[in-house]
Amino acid sequence: MRRGAGVFLLILVAGCGSVSVETPPESPETRSARLRASADSLCELGFYDLAAEAYAGAALVLEPGSPARMELARTAAAVCPGPNREVAVLLLEKPDSLTVFHALRLGGAFAALELRETILSRSTPYSEYAALAAAEALVDAGMHHEAAAFLSHAGENLPGAAGSDHLVLSYRVALGTGDTAAQEALRRRAGSGNEVSSALLHYRGMHRHAAGLPGWQDDLVESVALWPAGDIHGAAYEVLKETLFSDPAMASRVAEHFYGGGMWNQLNEIAVQSRNPPAHLYYLAARTRDRLGRYDEAVRMLSEYIRRWPQGADAPDAVINLARSRAALGQVDEALDLFDLYERSWPTHTRMSNLPWYRGSLLFENGLFARSVPFFRQTLAQYPGNTTADDAHFYLCLALLKTGDPTAADELARFIARWTESVYSPPARFYYGRLLHQAGNPGGRVTLETLISDKPESLPAFFARTYLGLPPFRPAYTTEPLDQWMTRNNRAPAVPPASAVTGAFLVEAGRRDWAIDLFRGAETEVGGAFRLGPFYAEHGVWERGPWAAYTMWSLEGANRPLELWRLRYPKAWGELVEPACERYGLDPLLVYSIMKQESGFSPGVYSTAGARGLLQMIPSTSEYVADQRSWEHFTPDALYDPSVSIEYGTACISGYSDEMGGGVFETLAAYNGGPHNAVRWGAGSASPEEFFARITFNETKKYVELVHHNYEIYRAIWP
């Protein structure tokens, strides 16, 4: 909802009850209470921008500087999702150590200048961090000279992320003031080949571009190479893309980095918009289409690649992926013809030993089970050491089951004996045990019970419990207080050192990014993360609490307190998760279960595939979600913001849940492996146990299993 709508609503609410001339005038306290009640309702509905304005309205009718007015101002700040000068002005009436940070977040450069004397006089605690936050606001506003004094006050020795931010901000100030000596010194301090040096190159490139100086393109391209998943490359692409469209050599330099950093739509745009795109870039762009399940586009682009570069380095792989994309569209015979072409044209290619598996799997996935069997047997006969051999053997078992072949049980027994470490081993044991049990063989129940005992957290064990009518897994816990349990086990909690106390303050101030390194230092100081476990639970330090719990997990395994379970499985970022789940119709416990696996509740993490943030959204998928919901101003640079990650991620999970018919296993597989692959594995047509068994991505199979286990635990400990 637009901000103007909020102002209109606030005026409407404020005017209620004033039509009748017989109504006595409200006291400021009564009017404030009425506005506050409206704000509370808006919060419950998830309209935080409107709620913040209503809380501010409730504050404004009260006496300036009064405790009630300041409490309402702090409430407005807590729910306000973005800049809001009105709330910042309210906070500045009586700033304390916390309201300084909230005022800077909401008021930006204006608040920084208003707080100059307060911060630089050190009249509030943690002024060095407040000075860094003020400098950040001023640099973002282009006020470099004003920022310099705050950076000097903050000092160069802040630990971890705060120290890195200080260096980057100092470099931006040196660029803005033209201090070349400082720029050179800061580049030396940053070193090379890291995220900080990537950021310095980015800001130098953007500065050179704005000033019309040469070399900016090289700076931005090198910045991407150093940190492909950086939160700065979306902005860089907007100024760089015309060069990338027209300069094939420069486009080639970013191709692999955009692909690895999740900038798939940008890569595709270069391929489509360029008159003469580099061959490898074009191939990678085509691969992004099939990885996103846009098979029509993939077929068109891969066919174009083969037409234009029939002898290109990527031609064999292009033919393979074209065949698989056609198979995904149901074009089985065309796909098989392409595999024949591959076999004739590149008989010594490195993927030739995978060919029988490719043929068999595409036939199986299109329901041609009997036709798939010879190709799976060919893999086992000709390529028994190939990475696809266990896949082929298990899919052979499934094909025999699907066709009602009486040898299926014997083949499953052979698979179980041969592939003891395969990810398909637990599903094979489930199917084998069920077949025996259905045949009246008592060994079937033994097989299933042994699976439950050996792999209690696995999904096949879950299916076995369900099949045998046994109760589901539930964690055992006690009500003993955590600190008492720790003391009894000779792991007494530590008195939090000053660094941990500072970290807890920064968490409350909204600068968790600066707090984490302080907590790591505190853990070393007190002799281990576990000693700060109760402190982390009290202050909601979700990024370190689960690790602290894990380091105590082996103590009294059957006698763990509920507090320890909740420390390891927290309801992290609940103020964002709960309203988002309400909007999109999801169980928040499922989202917490996903977040634990995706990021460990740390918003700054990224993967080698370019997934970012708390829910590890890939930029191209996020852009698709934004397009579907008509959300404007999408940028991949925002995905490290917890509110953005949770909003986009929850919307995406909800969409997949609808697409997959609400099945938890299918939804999880779609989120990790792609909805198009979930359909390929049988979503919507196969039973849950068959669907899980057919997942061919090892990572996705393990992901579904782990998140489901998380979900079982969350539902037990947070009823």
# chains A, B, ... in the order shown; residues from 1 in each chain; ligands from 1
$ residues_around --residues "range 275-289 of chain A" --least-positions-apart "4" --cutoff "6 Å" --atoms "only C-alpha atoms" --output "ChimeraX atom specification"
/A:248,255,264,267-268,271,294,298,301-302
$ residues_around --residues "Ala37 in chain A" --least-positions-apart "6" --cutoff "10 Å" --atoms "only C-alpha atoms" --output "PyMOL selection string"
chain A and resi 31+43+51+54-55+58
$ write_last_selection --atoms "all heavy atoms" --output "mmCIF file, in the first residue's frame"
data_model
loop_
_atom_site.group_PDB
_atom_site.id
_atom_site.type_symbol
_atom_site.label_atom_id
_atom_site.label_comp_id
_atom_site.auth_asym_id
_atom_site.auth_seq_id
_atom_site.Cartn_x
_atom_site.Cartn_y
_atom_site.Cartn_z
ATOM 1 N N ARG A 31 -7.781 10.281 22.702
ATOM 2 C CA ARG A 31 -7.530 10.235 21.253
ATOM 3 C C ARG A 31 -6.302 9.384 20.951
ATOM 4 O O ARG A 31 -6.285 8.600 19.990
ATOM 5 C CB ARG A 31 -7.341 11.651 20.724
ATOM 6 C CG ARG A 31 -7.285 11.706 19.205
ATOM 7 C CD ARG A 31 -7.134 13.117 18.718
ATOM 8 N NE ARG A 31 -7.138 13.170 17.260
ATOM 9 C CZ ARG A 31 -6.683 14.180 16.550
ATOM 10 N NH1 ARG A 31 -6.198 15.256 17.156
ATOM 11 N NH2 ARG A 31 -6.722 14.149 15.230
ATOM 12 N N CYS A 43 -1.167 -3.509 12.665
ATOM 13 C CA CYS A 43 -0.021 -4.414 12.858
ATOM 14 C C CYS A 43 -0.447 -5.863 12.690
ATOM 15 O O CYS A 43 0.244 -6.657 12.045
ATOM 16 C CB CYS A 43 0.575 -4.217 14.253
ATOM 17 S SG CYS A 43 2.000 -3.146 14.270
ATOM 18 N N ALA A 51 0.661 1.209 10.217
ATOM 19 C CA ALA A 51 0.691 1.118 11.675
ATOM 20 C C ALA A 51 1.682 2.117 12.255
ATOM 21 O O ALA A 51 1.397 2.775 13.264
ATOM 22 C CB ALA A 51 1.051 -0.305 12.103
ATOM 23 N N ALA A 54 0.136 5.448 12.281
ATOM 24 C CA ALA A 54 -0.897 5.557 13.311
ATOM 25 C C ALA A 54 -0.280 5.686 14.704
ATOM 26 O O ALA A 54 -0.751 6.472 15.535
ATOM 27 C CB ALA A 54 -1.824 4.350 13.246
ATOM 28 N N TYR A 55 0.786 4.927 14.977
ATOM 29 C CA TYR A 55 1.482 5.080 16.260
ATOM 30 C C TYR A 55 2.064 6.484 16.390
ATOM 31 O O TYR A 55 2.025 7.090 17.470
ATOM 32 C CB TYR A 55 2.598 4.046 16.388
ATOM 33 C CG TYR A 55 2.133 2.645 16.705
ATOM 34 C CD1 TYR A 55 2.504 1.572 15.899
ATOM 35 C CD2 TYR A 55 1.342 2.388 17.822
ATOM 36 C CE1 TYR A 55 2.089 0.273 16.183
ATOM 37 C CE2 TYR A 55 0.922 1.096 18.115
ATOM 38 C CZ TYR A 55 1.297 0.048 17.289
ATOM 39 O OH TYR A 55 0.887 -1.230 17.573
ATOM 40 N N ALA A 58 -0.657 8.783 17.254
ATOM 41 C CA ALA A 58 -1.011 8.630 18.665
ATOM 42 C C ALA A 58 -0.017 9.349 19.564
ATOM 43 O O ALA A 58 -0.374 9.877 20.630
ATOM 44 C CB ALA A 58 -1.077 7.153 19.023
#
$ atom_distance --atom1 "CA of Asp49 in chain A" --atom2 "CA of Ala572 in chain A"
21.8 Å
$ residues_around --residues "His708 in chain A" --least-positions-apart "3" --cutoff "10 Å" --atoms "only C-alpha atoms" --output "list in words"
Glu457, Ser458, Leu459, Phe462, Leu590, Ser593, Ile594, Val664, Phe665, Leu668, Lys702, Tyr703, Val704, Glu705, Tyr711, Glu712, Ile713 and Tyr714 of chain A
$ write_last_selection --atoms "N, CA and C atoms" --output "PDB file, in the first residue's frame"
ATOM      1  N   GLU A 457      15.610 -40.555  11.521  1.00  0.00           N
ATOM      2  CA  GLU A 457      15.268 -39.219  11.051  1.00  0.00           C
ATOM      3  C   GLU A 457      14.949 -39.184   9.560  1.00  0.00           C
ATOM      4  N   SER A 458      15.050 -40.330   8.891  1.00  0.00           N
ATOM      5  CA  SER A 458      14.872 -40.347   7.442  1.00  0.00           C
ATOM      6  C   SER A 458      13.395 -40.383   7.068  1.00  0.00           C
ATOM      7  N   LEU A 459      13.101 -39.951   5.858  1.00  0.00           N
ATOM      8  CA  LEU A 459      11.724 -40.021   5.373  1.00  0.00           C
ATOM      9  C   LEU A 459      11.274 -41.460   5.138  1.00  0.00           C
ATOM     10  N   PHE A 462       9.978 -42.541   8.266  1.00  0.00           N
ATOM     11  CA  PHE A 462       8.667 -41.919   8.480  1.00  0.00           C
ATOM     12  C   PHE A 462       7.586 -42.699   7.736  1.00  0.00           C
ATOM     13  N   LEU A 590       6.693 -24.337   9.345  1.00  0.00           N
ATOM     14  CA  LEU A 590       7.356 -24.863   8.149  1.00  0.00           C
ATOM     15  C   LEU A 590       8.405 -23.872   7.649  1.00  0.00           C
ATOM     16  N   SER A 593      11.411 -24.080   9.743  1.00  0.00           N
ATOM     17  CA  SER A 593      12.124 -25.326   9.423  1.00  0.00           C
ATOM     18  C   SER A 593      12.961 -25.161   8.170  1.00  0.00           C
ATOM     19  N   ILE A 594      12.418 -24.461   7.179  1.00  0.00           N
ATOM     20  CA  ILE A 594      13.149 -24.196   5.942  1.00  0.00           C
ATOM     21  C   ILE A 594      14.308 -23.244   6.201  1.00  0.00           C
ATOM     22  N   VAL A 664       3.672 -31.345   1.488  1.00  0.00           N
ATOM     23  CA  VAL A 664       4.875 -30.783   2.108  1.00  0.00           C
ATOM     24  C   VAL A 664       6.126 -31.267   1.391  1.00  0.00           C
ATOM     25  N   PHE A 665       6.234 -32.576   1.121  1.00  0.00           N
ATOM     26  CA  PHE A 665       7.437 -33.112   0.479  1.00  0.00           C
ATOM     27  C   PHE A 665       7.626 -32.493  -0.906  1.00  0.00           C
ATOM     28  N   LEU A 668       8.690 -28.785  -0.651  1.00  0.00           N
ATOM     29  CA  LEU A 668      10.100 -28.647  -0.280  1.00  0.00           C
ATOM     30  C   LEU A 668      11.005 -28.992  -1.458  1.00  0.00           C
ATOM     31  N   LYS A 702      18.273 -34.957   0.272  1.00  0.00           N
ATOM     32  CA  LYS A 702      18.686 -34.727   1.659  1.00  0.00           C
ATOM     33  C   LYS A 702      17.977 -33.512   2.244  1.00  0.00           C
ATOM     34  N   TYR A 703      17.785 -32.500   1.420  1.00  0.00           N
ATOM     35  CA  TYR A 703      17.122 -31.273   1.868  1.00  0.00           C
ATOM     36  C   TYR A 703      15.692 -31.570   2.331  1.00  0.00           C
ATOM     37  N   VAL A 704      14.937 -32.288   1.514  1.00  0.00           N
ATOM     38  CA  VAL A 704      13.551 -32.610   1.868  1.00  0.00           C
ATOM     39  C   VAL A 704      13.507 -33.380   3.179  1.00  0.00           C
ATOM     40  N   GLU A 705      14.434 -34.298   3.331  1.00  0.00           N
ATOM     41  CA  GLU A 705      14.488 -35.119   4.531  1.00  0.00           C
ATOM     42  C   GLU A 705      14.798 -34.284   5.777  1.00  0.00           C
ATOM     43  N   TYR A 711      10.725 -29.898  10.717  1.00  0.00           N
ATOM     44  CA  TYR A 711       9.301 -29.580  10.856  1.00  0.00           C
ATOM     45  C   TYR A 711       8.649 -30.440  11.940  1.00  0.00           C
ATOM     46  N   GLU A 712       9.003 -31.723  11.986  1.00  0.00           N
ATOM     47  CA  GLU A 712       8.489 -32.585  13.047  1.00  0.00           C
ATOM     48  C   GLU A 712       8.886 -32.046  14.420  1.00  0.00           C
ATOM     49  N   ILE A 713      10.132 -31.595  14.536  1.00  0.00           N
ATOM     50  CA  ILE A 713      10.612 -31.080  15.813  1.00  0.00           C
ATOM     51  C   ILE A 713       9.907 -29.771  16.162  1.00  0.00           C
ATOM     52  N   TYR A 714       9.817 -28.859  15.196  1.00  0.00           N
ATOM     53  CA  TYR A 714       9.153 -27.580  15.469  1.00  0.00           C
ATOM     54  C   TYR A 714       7.721 -27.782  15.937  1.00  0.00           C
TER      55      TYR A 714
END
$ residues_around --residues "His102 in chain A" --least-positions-apart "2" --cutoff "9 Å" --atoms "only C-alpha atoms" --output "list in words"
Arg74, Ala77, Ala78, Ala88, Leu91, Leu98, Thr99, Val100, Leu104, Arg105, Leu106, Gly107, Ala509 and Gly510 of chain A
$ atom_distance --atom1 "CA of Pro83 in chain A" --atom2 "CA of Gly108 in chain A"
7.4 Å
$ closest_residue --among "A:Leu92, A:Tyr237, A:Leu338, A:Leu45" --to "Gly65 in chain A" --atoms "only C-alpha atoms"
A:Leu92
$ closest_residue --among "A:Glu632, A:Glu689, A:Glu256, A:Asp231" --to "Tyr606 in chain A" --atoms "only C-alpha atoms"
A:Asp231
$ select_by_dssp --residues "range 88-303 of chain A" --states "alpha helix (DSSP H)" --output "MDAnalysis selection string"
chainID A and resid 88:92 97:114 116:120 127:140 144:154 160:177 180:190 195:211 216:226 233:246 248:260 264:273 279:291 295:303
